[in-house]
$ cat data.cif   # mmCIF, C-alpha atoms
data_work
loop_
_atom_site.label_atom_id
_atom_site.label_comp_id
_atom_site.auth_asym_id
_atom_site.auth_seq_id
_atom_site.Cartn_x
_atom_site.Cartn_y
_atom_site.Cartn_z
CA MET A 1 109.52 83.59 96.86
CA THR A 2 111.87 80.59 96.68
CA GLN A 3 110.98 78.29 99.56
CA THR A 4 114.43 77.71 101.04
CA PRO A 5 115.00 77.62 104.81
CA GLU A 6 116.90 80.92 104.53
CA THR A 7 114.14 82.82 102.74
CA LEU A 8 111.50 81.35 105.03
CA CYS A 9 113.39 82.52 108.14
CA HIS A 10 113.71 86.05 106.84
CA ALA A 11 110.04 86.08 105.80
CA LEU A 12 109.09 85.09 109.36
CA ILE A 13 111.18 87.88 110.86
CA ASP A 14 109.75 90.45 108.44
CA ALA A 15 106.23 89.31 109.36
CA ALA A 16 107.05 89.57 113.08
CA ARG A 17 108.25 93.14 112.65
CA LYS A 18 105.09 94.06 110.76
CA ALA A 19 103.01 92.49 113.53
CA GLY A 20 104.69 94.72 116.11
CA ALA A 21 107.42 92.57 117.65
CA ASP A 22 110.38 94.38 119.19
CA ALA A 23 112.72 91.55 118.19
CA ALA A 24 112.46 88.04 116.81
CA ASP A 25 114.36 84.98 115.75
CA ALA A 26 113.27 82.26 113.35
CA MET A 27 114.34 78.71 112.58
CA ALA A 28 113.51 76.56 109.58
CA ALA A 29 114.34 72.89 109.13
CA ALA A 30 113.86 71.11 105.83
CA GLY A 31 114.67 67.48 105.43
CA SER A 32 113.91 64.03 104.15
CA SER A 33 114.33 60.58 105.65
CA LEU A 34 113.89 56.99 104.61
CA SER A 35 113.82 53.93 106.86
CA ILE A 36 113.45 50.25 105.99
CA GLU A 37 112.78 47.32 108.34
CA VAL A 38 112.74 43.66 107.39
CA ARG A 39 111.58 40.50 109.11
CA GLU A 40 112.12 36.87 108.13
CA GLY A 41 113.66 37.86 104.84
CA ARG A 42 110.84 40.13 103.73
CA LEU A 43 110.06 43.81 103.86
CA GLU A 44 108.28 44.60 107.14
CA HIS A 45 108.04 48.38 107.14
CA ALA A 46 109.10 51.26 104.93
CA GLU A 47 108.69 54.91 105.76
CA ARG A 48 109.66 58.02 103.85
CA SER A 49 109.11 61.56 105.09
CA GLU A 50 109.80 64.97 103.64
CA GLY A 51 108.89 68.36 104.94
CA THR A 52 109.75 71.81 106.19
CA ASP A 53 109.09 72.99 109.75
CA LEU A 54 109.11 76.63 110.85
CA GLY A 55 109.56 78.17 114.28
CA LEU A 56 109.19 81.84 115.22
CA ARG A 57 110.05 83.40 118.57
CA VAL A 58 109.06 87.02 119.21
CA PHE A 59 109.89 89.47 121.98
CA LEU A 60 107.90 92.38 123.37
CA GLY A 61 110.19 93.91 125.93
CA GLN A 62 110.95 91.08 128.38
CA ARG A 63 108.02 88.99 127.21
CA GLN A 64 108.45 86.19 124.69
CA ALA A 65 106.29 83.73 122.79
CA LEU A 66 107.01 80.96 120.32
CA VAL A 67 104.88 79.41 117.57
CA SER A 68 105.63 76.71 115.02
CA SER A 69 104.11 75.31 111.83
CA SER A 70 104.81 72.96 108.94
CA ASP A 71 102.89 75.19 106.54
CA SER A 72 105.12 77.65 104.66
CA ARG A 73 102.49 79.55 102.69
CA PRO A 74 102.79 83.37 102.95
CA GLU A 75 99.39 83.70 104.63
CA THR A 76 100.42 81.15 107.26
CA ILE A 77 103.65 83.02 107.96
CA ALA A 78 101.68 86.25 108.51
CA ALA A 79 99.21 84.45 110.79
CA MET A 80 102.09 82.90 112.78
CA ALA A 81 103.60 86.32 113.41
CA GLU A 82 100.31 87.85 114.50
CA ARG A 83 99.57 84.93 116.80
CA ALA A 84 103.04 85.04 118.35
CA VAL A 85 102.82 88.76 119.08
CA ALA A 86 99.36 88.34 120.62
CA MET A 87 100.70 85.53 122.82
CA ALA A 88 103.71 87.61 123.89
CA ARG A 89 101.41 90.41 125.06
CA GLU A 90 99.86 87.96 127.52
CA ALA A 91 103.08 86.27 128.62
CA PRO A 92 104.72 87.09 131.96
CA GLU A 93 107.91 89.12 131.95
CA ASP A 94 111.17 87.23 132.09
CA PRO A 95 114.19 89.40 132.99
CA TYR A 96 116.58 86.85 131.49
CA THR A 97 115.06 86.39 128.05
CA GLY A 98 116.22 88.11 124.87
CA LEU A 99 118.47 87.82 121.86
CA ALA A 100 122.24 87.88 121.99
CA ALA A 101 124.03 91.20 121.72
CA PRO A 102 125.24 91.82 118.15
CA ASP A 103 128.88 91.50 119.20
CA GLN A 104 128.17 88.00 120.62
CA LEU A 105 126.94 86.60 117.32
CA ALA A 106 129.03 84.28 115.18
CA GLN A 107 130.58 86.16 112.28
CA ASP A 108 132.08 83.44 110.09
CA TRP A 109 132.63 79.70 110.13
CA ASP A 110 134.10 76.92 108.02
CA LEU A 111 131.38 74.44 107.08
CA ALA A 112 133.75 72.54 104.80
CA ALA A 113 135.98 71.73 107.78
CA LEU A 114 133.04 70.23 109.68
CA ASP A 115 132.22 67.93 106.72
CA LEU A 116 128.63 67.28 107.87
CA ASN A 117 127.13 66.59 104.44
CA ASP A 118 127.93 63.43 102.48
CA PRO A 119 127.99 64.60 98.82
CA THR A 120 127.26 61.16 97.39
CA ALA A 121 123.80 60.37 96.05
CA ASP A 122 121.05 59.42 98.49
CA PRO A 123 120.78 55.63 98.78
CA ALA A 124 117.88 53.97 96.97
CA PRO A 125 115.27 52.09 99.03
CA ALA A 126 116.54 48.85 97.51
CA ALA A 127 120.03 49.54 98.87
CA LEU A 128 118.69 50.12 102.38
CA GLN A 129 116.59 46.96 102.17
CA ALA A 130 119.63 44.98 101.03
CA ASP A 131 121.60 46.19 104.07
CA ALA A 132 118.76 45.31 106.44
CA LEU A 133 118.43 41.83 104.91
CA ALA A 134 122.19 41.26 105.11
CA ALA A 135 122.24 42.23 108.80
CA GLU A 136 119.26 39.97 109.53
CA ALA A 137 120.83 37.01 107.70
CA ALA A 138 124.16 37.42 109.49
CA CYS A 139 122.43 37.52 112.86
CA GLN A 140 120.19 34.54 112.12
CA ALA A 141 123.23 32.51 111.04
CA ILE A 142 124.69 32.61 114.56
CA ASP A 143 124.15 29.28 116.31
CA GLY A 144 121.63 29.74 119.12
CA ILE A 145 119.67 32.64 117.64
CA SER A 146 115.97 31.74 117.68
CA GLN A 147 114.78 34.79 115.77
CA VAL A 148 115.80 38.25 114.68
CA GLN A 149 113.52 40.76 116.36
CA SER A 150 114.35 43.58 113.99
CA ALA A 151 116.82 44.63 111.34
CA GLY A 152 116.74 47.98 109.66
CA ALA A 153 118.58 50.63 107.72
CA GLY A 154 117.93 54.33 107.35
CA TYR A 155 119.07 57.55 105.76
CA GLY A 156 118.34 61.19 106.38
CA ARG A 157 119.30 64.61 105.08
CA SER A 158 118.32 67.82 106.87
CA SER A 159 119.02 71.51 106.41
CA VAL A 160 118.71 73.91 109.34
CA TYR A 161 118.67 77.68 109.14
CA LEU A 162 118.58 80.30 111.90
CA ALA A 163 118.08 84.05 111.56
CA THR A 164 117.61 86.82 114.12
CA SER A 165 116.27 90.34 113.80
CA ASN A 166 119.57 91.79 115.08
CA GLY A 167 121.72 90.46 112.27
CA PHE A 168 122.52 86.77 112.52
CA SER A 169 121.84 84.52 109.54
CA GLY A 170 123.29 81.06 108.96
CA GLY A 171 122.57 77.41 108.25
CA TYR A 172 124.03 74.04 107.37
CA THR A 173 123.05 70.64 105.97
CA ARG A 174 123.62 67.34 107.74
CA THR A 175 123.34 63.73 106.52
CA GLY A 176 123.06 60.48 108.43
CA ARG A 177 123.16 56.79 107.52
CA SER A 178 122.43 53.90 109.90
CA ILE A 179 122.10 50.11 110.19
CA SER A 180 120.83 48.21 113.25
CA CYS A 181 119.95 44.67 114.25
CA THR A 182 118.46 43.01 117.36
CA GLY A 183 118.64 39.27 117.95
CA ILE A 184 116.70 36.95 120.29
CA ALA A 185 117.94 33.68 121.74
CA GLY A 186 116.06 31.15 123.84
CA THR A 187 112.36 30.93 124.59
CA GLY A 188 109.92 31.83 127.35
CA THR A 189 111.46 33.08 130.58
CA GLY A 190 114.89 32.06 129.30
CA MET A 191 114.72 34.45 126.38
CA GLU A 192 117.59 36.92 125.95
CA ARG A 193 118.06 39.83 123.56
CA ASP A 194 120.91 42.07 122.45
CA TYR A 195 121.72 44.36 119.56
CA ASP A 196 124.33 46.18 117.52
CA GLY A 197 124.12 49.18 115.25
CA ASP A 198 126.05 51.97 113.64
CA SER A 199 125.21 55.52 112.58
CA ARG A 200 127.51 57.77 110.58
CA THR A 201 127.50 61.02 108.66
CA TYR A 202 129.08 59.39 105.59
CA GLN A 203 127.88 56.17 104.01
CA SER A 204 131.49 55.15 103.36
CA ASP A 205 132.30 55.23 107.11
CA LEU A 206 129.48 52.86 108.07
CA ARG A 207 130.37 49.40 109.33
CA SER A 208 129.15 46.58 107.12
CA ALA A 209 125.67 45.15 107.60
CA GLU A 210 127.14 41.66 107.93
CA GLU A 211 129.43 42.74 110.78
CA ILE A 212 126.57 44.45 112.61
CA GLY A 213 124.25 41.45 112.27
CA ARG A 214 126.93 38.97 113.31
CA SER A 215 127.88 41.06 116.36
CA ALA A 216 124.22 41.38 117.41
CA GLY A 217 123.85 37.60 117.23
CA GLU A 218 127.03 36.85 119.13
CA ARG A 219 126.15 39.31 121.86
CA THR A 220 122.70 37.80 122.23
CA VAL A 221 123.88 34.19 122.48
CA ALA A 222 126.52 35.17 125.05
CA ARG A 223 123.73 36.26 127.41
CA MET A 224 122.08 32.82 127.53
CA ASN A 225 121.58 31.01 130.87
CA ALA A 226 122.08 34.17 132.90
CA ARG A 227 121.97 34.04 136.70
CA ARG A 228 121.49 36.54 139.46
CA PRO A 229 124.81 37.46 141.13
CA LYS A 230 125.44 37.51 144.86
CA THR A 231 124.57 40.62 146.84
CA GLY A 232 127.58 42.52 148.12
CA THR A 233 130.12 45.23 147.39
CA TYR A 234 132.17 44.67 144.26
CA PRO A 235 134.08 46.48 141.52
CA VAL A 236 131.82 47.24 138.55
CA LEU A 237 133.13 47.69 135.01
CA PHE A 238 130.81 49.72 132.78
CA ASP A 239 131.23 48.45 129.22
CA GLU A 240 132.07 51.06 126.58
CA ARG A 241 128.59 50.67 125.09
CA ILE A 242 126.97 52.12 128.23
CA SER A 243 129.80 53.94 130.04
CA ALA A 244 128.87 57.28 128.45
CA SER A 245 125.80 57.29 130.68
CA LEU A 246 128.03 57.97 133.71
CA ILE A 247 129.58 61.01 132.06
CA GLY A 248 126.07 61.96 130.94
CA HIS A 249 125.06 62.28 134.60
CA LEU A 250 128.03 64.58 135.15
CA LEU A 251 127.01 66.70 132.16
CA SER A 252 123.43 66.93 133.47
CA ALA A 253 124.72 68.11 136.81
CA VAL A 254 126.76 70.97 135.27
CA ASN A 255 123.92 72.07 132.99
CA GLY A 256 123.25 75.75 133.57
CA ALA A 257 119.48 75.27 133.78
CA ALA A 258 119.90 72.82 136.68
CA ILE A 259 122.42 75.10 138.39
CA ALA A 260 120.10 78.11 138.05
CA ARG A 261 117.24 76.07 139.57
CA GLY A 262 119.46 74.92 142.43
CA SER A 263 118.76 71.26 141.59
CA SER A 264 122.21 69.79 140.98
CA TRP A 265 124.42 67.58 143.11
CA LEU A 266 127.37 69.64 141.80
CA GLN A 267 125.73 72.95 142.72
CA ASP A 268 128.67 74.34 144.71
CA SER A 269 131.49 72.45 142.99
CA LEU A 270 132.83 74.98 140.48
CA GLY A 271 136.61 74.96 140.74
CA GLN A 272 136.59 71.74 142.76
CA GLN A 273 137.79 68.25 141.94
CA VAL A 274 135.05 66.02 140.49
CA LEU A 275 137.18 63.42 138.63
CA PRO A 276 140.59 61.84 139.25
CA THR A 277 143.35 64.40 138.64
CA HIS A 278 144.58 62.83 135.38
CA LEU A 279 141.17 62.96 133.68
CA SER A 280 139.52 65.73 131.67
CA VAL A 281 136.20 66.10 129.86
CA ILE A 282 136.64 68.09 126.63
CA GLU A 283 133.81 69.43 124.50
CA ASP A 284 134.67 69.95 120.83
CA PRO A 285 131.81 70.89 118.46
CA HIS A 286 134.17 71.15 115.46
CA ARG A 287 135.09 67.49 114.95
CA PRO A 288 134.59 66.54 111.26
CA ARG A 289 131.83 64.10 110.31
CA ILE A 290 130.46 63.83 113.87
CA ALA A 291 126.77 64.05 114.71
CA GLY A 292 127.23 66.58 117.52
CA SER A 293 129.30 69.05 115.47
CA ARG A 294 127.90 72.47 114.55
CA PRO A 295 129.32 75.89 113.66
CA PHE A 296 126.96 77.92 115.87
CA ASP A 297 124.43 77.24 118.60
CA GLY A 298 120.68 77.77 118.69
CA GLU A 299 121.08 81.46 119.52
CA GLY A 300 123.64 82.27 116.83
CA LEU A 301 126.76 82.21 119.02
CA ALA A 302 129.94 80.66 117.68
CA THR A 303 130.61 77.24 119.17
CA ARG A 304 134.08 76.50 120.49
CA ARG A 305 136.24 73.83 122.06
CA ARG A 306 136.34 74.00 125.86
CA ALA A 307 137.29 71.95 128.90
CA ILE A 308 134.32 71.16 131.12
CA VAL A 309 136.61 69.29 133.51
CA GLU A 310 140.36 69.82 133.30
CA ASP A 311 142.75 67.56 135.21
CA GLY A 312 139.87 66.57 137.46
CA ILE A 313 138.75 70.15 138.22
CA LEU A 314 135.30 71.37 137.20
CA THR A 315 135.99 74.53 135.20
CA GLY A 316 132.55 75.76 134.17
CA TRP A 317 128.84 75.26 133.61
CA THR A 318 127.10 74.55 130.29
CA LEU A 319 125.19 77.75 129.51
CA ASP A 320 122.80 79.30 127.06
CA LEU A 321 121.99 83.02 127.19
CA ALA A 322 119.12 82.78 129.71
CA SER A 323 120.93 80.54 132.21
CA ALA A 324 124.10 82.63 131.86
CA ARG A 325 122.17 85.81 132.67
CA LYS A 326 120.56 84.17 135.69
CA LEU A 327 123.99 83.19 137.00
CA GLY A 328 125.72 86.45 136.09
CA MET A 329 128.01 84.69 133.61
CA GLU A 330 128.65 84.52 129.86
CA SER A 331 127.03 81.95 127.58
CA THR A 332 129.25 79.04 126.57
CA ALA A 333 127.41 78.87 123.21
CA ASN A 334 125.58 75.71 124.19
CA ALA A 335 122.01 76.71 123.35
CA ALA A 336 120.04 73.91 121.72
CA ARG A 337 116.55 74.41 120.39
CA GLY A 338 113.87 72.70 118.40
CA ILE A 339 111.41 74.23 116.01
CA GLY A 340 108.76 74.38 118.72
CA SER A 341 110.90 74.96 121.81
CA VAL A 342 112.88 77.83 123.28
CA PRO A 343 116.68 77.48 123.68
CA SER A 344 118.08 75.47 126.57
CA PRO A 345 121.64 74.42 127.50
CA SER A 346 122.96 71.22 125.93
CA ASN A 347 126.31 69.63 125.21
CA TRP A 348 127.84 68.89 121.82
CA ASN A 349 130.68 66.40 121.24
CA VAL A 350 132.29 65.31 124.50
CA ALA A 351 135.35 63.14 125.17
CA LEU A 352 136.77 61.73 128.40
CA THR A 353 140.51 61.13 128.70
CA GLN A 354 141.26 57.52 127.84
CA GLY A 355 143.38 55.27 130.02
CA ASP A 356 146.42 53.14 129.21
CA GLN A 357 144.82 49.72 129.85
CA SER A 358 142.54 47.65 127.66
CA ARG A 359 139.14 46.46 128.83
CA ALA A 360 140.66 42.97 129.12
CA ASP A 361 143.38 44.37 131.39
CA LEU A 362 140.76 45.93 133.69
CA ILE A 363 138.80 42.67 133.80
CA ALA A 364 141.96 40.74 134.66
CA GLY A 365 142.76 43.15 137.47
CA MET A 366 139.31 43.43 139.06
CA GLY A 367 139.29 39.96 140.65
CA THR A 368 135.63 39.31 141.41
CA GLY A 369 133.02 41.74 140.20
CA LEU A 370 130.50 42.69 137.53
CA LEU A 371 130.93 43.68 133.89
CA VAL A 372 127.81 45.68 133.00
CA THR A 373 126.75 45.64 129.35
CA SER A 374 123.14 46.79 129.74
CA LEU A 375 121.30 49.17 132.06
CA ILE A 376 117.55 49.42 132.59
CA GLY A 377 115.47 51.82 134.63
CA SER A 378 116.94 54.73 136.50
CA THR A 379 116.71 56.22 139.97
CA ILE A 380 119.04 59.20 140.02
CA ASN A 381 118.55 61.89 142.67
CA PRO A 382 119.56 65.14 140.91
CA ASN A 383 120.12 66.92 144.23
CA THR A 384 122.28 64.32 146.00
CA GLY A 385 123.70 62.23 143.13
CA ASP A 386 122.41 58.97 144.64
CA TYR A 387 122.51 56.37 141.87
CA SER A 388 120.58 53.12 141.42
CA ARG A 389 119.99 51.21 138.18
CA GLY A 390 119.01 47.75 137.03
CA ALA A 391 121.87 46.00 135.28
CA SER A 392 122.84 42.89 133.37
CA GLY A 393 126.14 41.68 131.96
CA PHE A 394 128.76 39.15 133.01
CA TRP A 395 130.14 37.96 136.32
CA VAL A 396 133.91 38.10 136.66
CA GLU A 397 135.81 35.67 138.89
CA ASN A 398 139.58 35.51 139.30
CA GLY A 399 139.97 38.14 136.58
CA ALA A 400 138.03 36.23 133.92
CA ILE A 401 134.44 36.31 132.66
CA ALA A 402 132.63 33.37 134.30
CA TYR A 403 128.95 33.55 133.25
CA PRO A 404 126.21 35.99 132.21
CA VAL A 405 124.11 37.71 134.88
CA ASN A 406 120.85 39.64 134.95
CA GLU A 407 118.16 40.88 137.33
CA CYS A 408 120.50 42.80 139.60
CA THR A 409 120.78 46.38 140.79
CA ILE A 410 123.91 48.49 141.17
CA ALA A 411 123.97 51.50 143.48
CA GLY A 412 126.26 54.20 144.76
CA ASN A 413 126.67 57.96 144.81
CA LEU A 414 127.76 59.67 141.60
CA ARG A 415 130.15 62.05 143.35
CA ASP A 416 132.01 59.13 144.92
CA MET A 417 131.73 56.91 141.85
CA LEU A 418 133.21 59.47 139.46
CA MET A 419 136.12 60.15 141.79
CA ARG A 420 137.04 56.45 141.59
CA ILE A 421 136.69 55.75 137.86
CA VAL A 422 139.50 54.00 136.01
CA PRO A 423 139.17 54.37 132.21
CA ALA A 424 140.16 51.77 129.64
CA ASN A 425 141.49 52.68 126.20
CA ASP A 426 138.63 51.30 124.07
CA ALA A 427 136.50 54.37 123.29
CA ARG A 428 135.17 54.67 119.73
CA SER A 429 136.54 57.92 118.35
CA TYR A 430 133.72 58.43 115.83
CA LEU A 431 130.97 58.80 118.44
CA SER A 432 129.69 62.13 119.69
CA ARG A 433 130.44 61.00 123.26
CA VAL A 434 133.84 59.36 123.31
CA VAL A 435 133.95 57.48 126.62
CA PRO A 436 135.89 54.23 127.21
CA SER A 437 134.91 51.37 129.50
CA LEU A 438 134.99 52.61 133.09
CA LEU A 439 135.87 50.63 136.21
CA VAL A 440 134.31 51.79 139.49
CA GLU A 441 135.54 50.17 142.68
CA GLY A 442 133.28 49.37 145.62
CA MET A 443 129.73 49.61 144.28
CA THR A 444 126.78 48.01 146.04
CA LEU A 445 125.24 45.16 144.08
CA ALA A 446 121.83 43.67 144.93
CA GLY A 447 121.20 40.21 143.49
CA ASN A 448 120.52 36.95 145.32
#
$ encode --input "data.cif" --output "structure tokens"
Amino acid sequence: MTQTPETLCHALIDAARKAGADAADAMAAAGSSLSIEVREGRLEHAERSEGTDLGLRVFLGQRQALVSSSDSRPETIAAMAERAVAMAREAPEDPYTGLAAPDQLAQDWDLAALDLNDPTADPAPAALQADALAAEAACQAIDGISQVQSAGAGYGRSSVYLATSNGFSGGYTRTGRSISCTGIAGTGTGMERDYDGDSRTYQSDLRSAEEIGRSAGERTVARMNARRPKTGTYPVLFDERISASLIGHLLSAVNGAAIARGSSWLQDSLGQQVLPTHLSVIEDPHRPRIAGSRPFDGEGLATRRRAIVEDGILTGWTLDLASARKLGMESTANAARGIGSVPSPSNWNVALTQGDQSRADLIAGMGTGLLVTSLIGSTINPNTGDYSRGASGFWVENGAIAYPVNECTIAGNLRDMLMRIVPANDARSYLSRVVPSLLVEGMTLAGN
């Protein structure tokens, strides 16, 4: 038997049937990765990994069990199936579990249009090391940088295949290339750190190592001599680097698993306004060369473009099959799964409507307030939406950046905060979450 992810999936399903399963699905992931880290101009760490992982989920009536392995020998596949069936016999019944109906399964898709696989040759370790060294050198060259904490480059290629006993069979290959750098300025208690990095599907789309290193150094030095800001209520501008976290909280609140558990601050908000009326949140899993793109979800349903929020109105939950059944709805084809985990709802590529002002325009118009470039810690109440996070960034006075700040806390309520957001126009279109800088008026800031 040729050991491809496709043949391994079908071998797992055949073994499950022989072991007595009523139904089954199987996933196989085969891939390789290489990462290089340098320090002080020398190789610090190199890691290469290759392997194939297998996951098998079996059903006996309304009982399910899942097993996984990295051993693809025929005897292991048979043992996996027998073990999974034995586990399912002991599992409690779940009225919402089960495979998709045959007419729900994806029938065809255009992998070429998604363009997830860079056809060029895998980069050699020497090429990755050269990128890491170039990023480190560019960062170290910035006046004020005391050391480069880390600089690295990586590459990965993975193939994923999914098959079900009721007729679905499909897979795809994905590549990724990355460079990152973290600089340190100052010493002792006055030490500051910042970073930059890039990750792309295609090597040719990646920003240069020199640009990434230089940006990391400049960002780090800009944070020197930070102070604690004054306590009070101020406008807060979330920089584009971290603004996606706000939309991430919205996405968590409309996740079907949270809704089914009754643990969401948007529990009863379907069809209601949750953002300003001119803003929408669009999910599009078919964007070419983007990390979150995929032709089908983890249960074999065809992915599709949809509006999660349209003109400020929440239009639907994010659902896999189980959460959809619990809520008496249809799956939105948002099932994500790992080799060793059952499906659960997750979002793919998401974009928030951009504004018509630049980040500089928003800074100029905010008077006195805080530009947040880094968040640490998190106290988010999933039931009420109460929000509190440690923050650092830059203090703004008279519409201009005055000095760096740290050791402060920003707080509010997500429902109120999201209704007041003003987006800039600076979102990076190549990210999986395309969210511009976001201004939120009237947040509580705890500092001095």
$ atom_distance --input "data.cif" --atom1 "CA of Thr7 (chain A)" --atom2 "CA of Ser169 (chain A)"
10.4 Å
$ atom_distance --input "data.cif" --atom1 "CA of Thr164 (chain A)" --atom2 "CA of Ala100 (chain A)"
9.2 Å
$ residues_around --input "data.cif" --residues "region 378-386 of chain A" --least-positions-apart "6" --cutoff "9 Å" --atoms "all atoms listed in the file" --output "VMD selection string"
chain A and resid 249 252 to 253 258 262 to 267 411 to 415
$ write_last_selection --input "data.cif" --atoms "C-alpha atoms" --output "CSV table (one decimal), keeping the file's coordinate frame"
chain,number,residue,atom,x,y,z
A,249,HIS,CA,125.1,62.3,134.6
A,252,SER,CA,123.4,66.9,133.5
A,253,ALA,CA,124.7,68.1,136.8
A,258,ALA,CA,119.9,72.8,136.7
A,262,GLY,CA,119.5,74.9,142.4
A,263,SER,CA,118.8,71.3,141.6
A,264,SER,CA,122.2,69.8,141.0
A,265,TRP,CA,124.4,67.6,143.1
A,266,LEU,CA,127.4,69.6,141.8
A,267,GLN,CA,125.7,73.0,142.7
A,411,ALA,CA,124.0,51.5,143.5
A,412,GLY,CA,126.3,54.2,144.8
A,413,ASN,CA,126.7,58.0,144.8
A,414,LEU,CA,127.8,59.7,141.6
A,415,ARG,CA,130.2,62.0,143.4
$ atom_distance --input "data.cif" --atom1 "CA of Asn349 (chain A)" --atom2 "CA of Arg305 (chain A)"
9.3 Å
$ resolve_selection --input "data.cif" --expression "the PyMOL selection byres ((chain A and resi 14) around 12)" --output "PDB file with C-alpha atoms, in the frame of the given file"
ATOM      1  CA  THR A   7     114.140  82.820 102.740  1.00  0.00           C
ATOM      2  CA  LEU A   8     111.500  81.350 105.030  1.00  0.00           C
ATOM      3  CA  CYS A   9     113.390  82.520 108.140  1.00  0.00           C
ATOM      4  CA  HIS A  10     113.710  86.050 106.840  1.00  0.00           C
ATOM      5  CA  ALA A  11     110.040  86.080 105.800  1.00  0.00           C
ATOM      6  CA  LEU A  12     109.090  85.090 109.360  1.00  0.00           C
ATOM      7  CA  ILE A  13     111.180  87.880 110.860  1.00  0.00           C
ATOM      8  CA  ALA A  15     106.230  89.310 109.360  1.00  0.00           C
ATOM      9  CA  ALA A  16     107.050  89.570 113.080  1.00  0.00           C
ATOM     10  CA  ARG A  17     108.250  93.140 112.650  1.00  0.00           C
ATOM     11  CA  LYS A  18     105.090  94.060 110.760  1.00  0.00           C
ATOM     12  CA  ALA A  19     103.010  92.490 113.530  1.00  0.00           C
ATOM     13  CA  GLY A  20     104.690  94.720 116.110  1.00  0.00           C
ATOM     14  CA  ALA A  21     107.420  92.570 117.650  1.00  0.00           C
ATOM     15  CA  ASP A  22     110.380  94.380 119.190  1.00  0.00           C
ATOM     16  CA  ALA A  23     112.720  91.550 118.190  1.00  0.00           C
ATOM     17  CA  ALA A  24     112.460  88.040 116.810  1.00  0.00           C
ATOM     18  CA  ASP A  25     114.360  84.980 115.750  1.00  0.00           C
ATOM     19  CA  ALA A  26     113.270  82.260 113.350  1.00  0.00           C
ATOM     20  CA  LEU A  56     109.190  81.840 115.220  1.00  0.00           C
ATOM     21  CA  VAL A  58     109.060  87.020 119.210  1.00  0.00           C
ATOM     22  CA  PRO A  74     102.790  83.370 102.950  1.00  0.00           C
ATOM     23  CA  ILE A  77     103.650  83.020 107.960  1.00  0.00           C
ATOM     24  CA  ALA A  78     101.680  86.250 108.510  1.00  0.00           C
ATOM     25  CA  MET A  80     102.090  82.900 112.780  1.00  0.00           C
ATOM     26  CA  ALA A  81     103.600  86.320 113.410  1.00  0.00           C
ATOM     27  CA  GLU A  82     100.310  87.850 114.500  1.00  0.00           C
ATOM     28  CA  ALA A 163     118.080  84.050 111.560  1.00  0.00           C
ATOM     29  CA  THR A 164     117.610  86.820 114.120  1.00  0.00           C
ATOM     30  CA  SER A 165     116.270  90.340 113.800  1.00  0.00           C
ATOM     31  CA  ASN A 166     119.570  91.790 115.080  1.00  0.00           C
TER      32      ASN A 166
END
$ closest_residue --input "data.cif" --among "A:Ser392, A:Ile313, A:Thr303, A:Asp426" --to "Gln354 (chain A)" --atoms "only C-alpha atoms"
A:Asp426
$ residues_around --input "data.cif" --residues "Asp361 (chain A)" --least-positions-apart "4" --cutoff "12 Å" --atoms "all atoms listed in the file" --output "PDB file with C-alpha atoms, in the coordinates of the input"
ATOM      1  CA  LEU A 237     133.130  47.690 135.010  1.00  0.00           C
ATOM      2  CA  GLY A 355     143.380  55.270 130.020  1.00  0.00           C
ATOM      3  CA  ASP A 356     146.420  53.140 129.210  1.00  0.00           C
ATOM      4  CA  GLN A 357     144.820  49.720 129.850  1.00  0.00           C
ATOM      5  CA  GLY A 365     142.760  43.150 137.470  1.00  0.00           C
ATOM      6  CA  MET A 366     139.310  43.430 139.060  1.00  0.00           C
ATOM      7  CA  GLY A 367     139.290  39.960 140.650  1.00  0.00           C
ATOM      8  CA  GLY A 399     139.970  38.140 136.580  1.00  0.00           C
ATOM      9  CA  ALA A 400     138.030  36.230 133.920  1.00  0.00           C
ATOM     10  CA  VAL A 422     139.500  54.000 136.010  1.00  0.00           C
ATOM     11  CA  PRO A 423     139.170  54.370 132.210  1.00  0.00           C
ATOM     12  CA  ALA A 424     140.160  51.770 129.640  1.00  0.00           C
ATOM     13  CA  ASN A 425     141.490  52.680 126.200  1.00  0.00           C
ATOM     14  CA  ASP A 426     138.630  51.300 124.070  1.00  0.00           C
ATOM     15  CA  SER A 437     134.910  51.370 129.500  1.00  0.00           C
ATOM     16  CA  LEU A 438     134.990  52.610 133.090  1.00  0.00           C
ATOM     17  CA  LEU A 439     135.870  50.630 136.210  1.00  0.00           C
TER      18      LEU A 439
END
$ residues_around --input "data.cif" --residues "Tyr195 (chain A)" --least-positions-apart "3" --cutoff "10 Å" --atoms "only C-alpha atoms" --output "short mmCIF file (atom, residue, chain, number, x, y, z; two decimals) with C-alpha atoms, in the frame of the given file"
data_model
loop_
_atom_site.label_atom_id
_atom_site.label_comp_id
_atom_site.auth_asym_id
_atom_site.auth_seq_id
_atom_site.Cartn_x
_atom_site.Cartn_y
_atom_site.Cartn_z
CA CYS A 139 122.43 37.52 112.86
CA VAL A 148 115.80 38.25 114.68
CA GLN A 149 113.52 40.76 116.36
CA SER A 150 114.35 43.58 113.99
CA ALA A 151 116.82 44.63 111.34
CA SER A 180 120.83 48.21 113.25
CA CYS A 181 119.95 44.67 114.25
CA THR A 182 118.46 43.01 117.36
CA GLY A 183 118.64 39.27 117.95
CA ILE A 184 116.70 36.95 120.29
CA ILE A 212 126.57 44.45 112.61
CA GLY A 213 124.25 41.45 112.27
CA ARG A 214 126.93 38.97 113.31
CA SER A 215 127.88 41.06 116.36
CA ALA A 216 124.22 41.38 117.41
CA GLY A 217 123.85 37.60 117.23
CA GLU A 218 127.03 36.85 119.13
CA ARG A 219 126.15 39.31 121.86
CA THR A 220 122.70 37.80 122.23
#
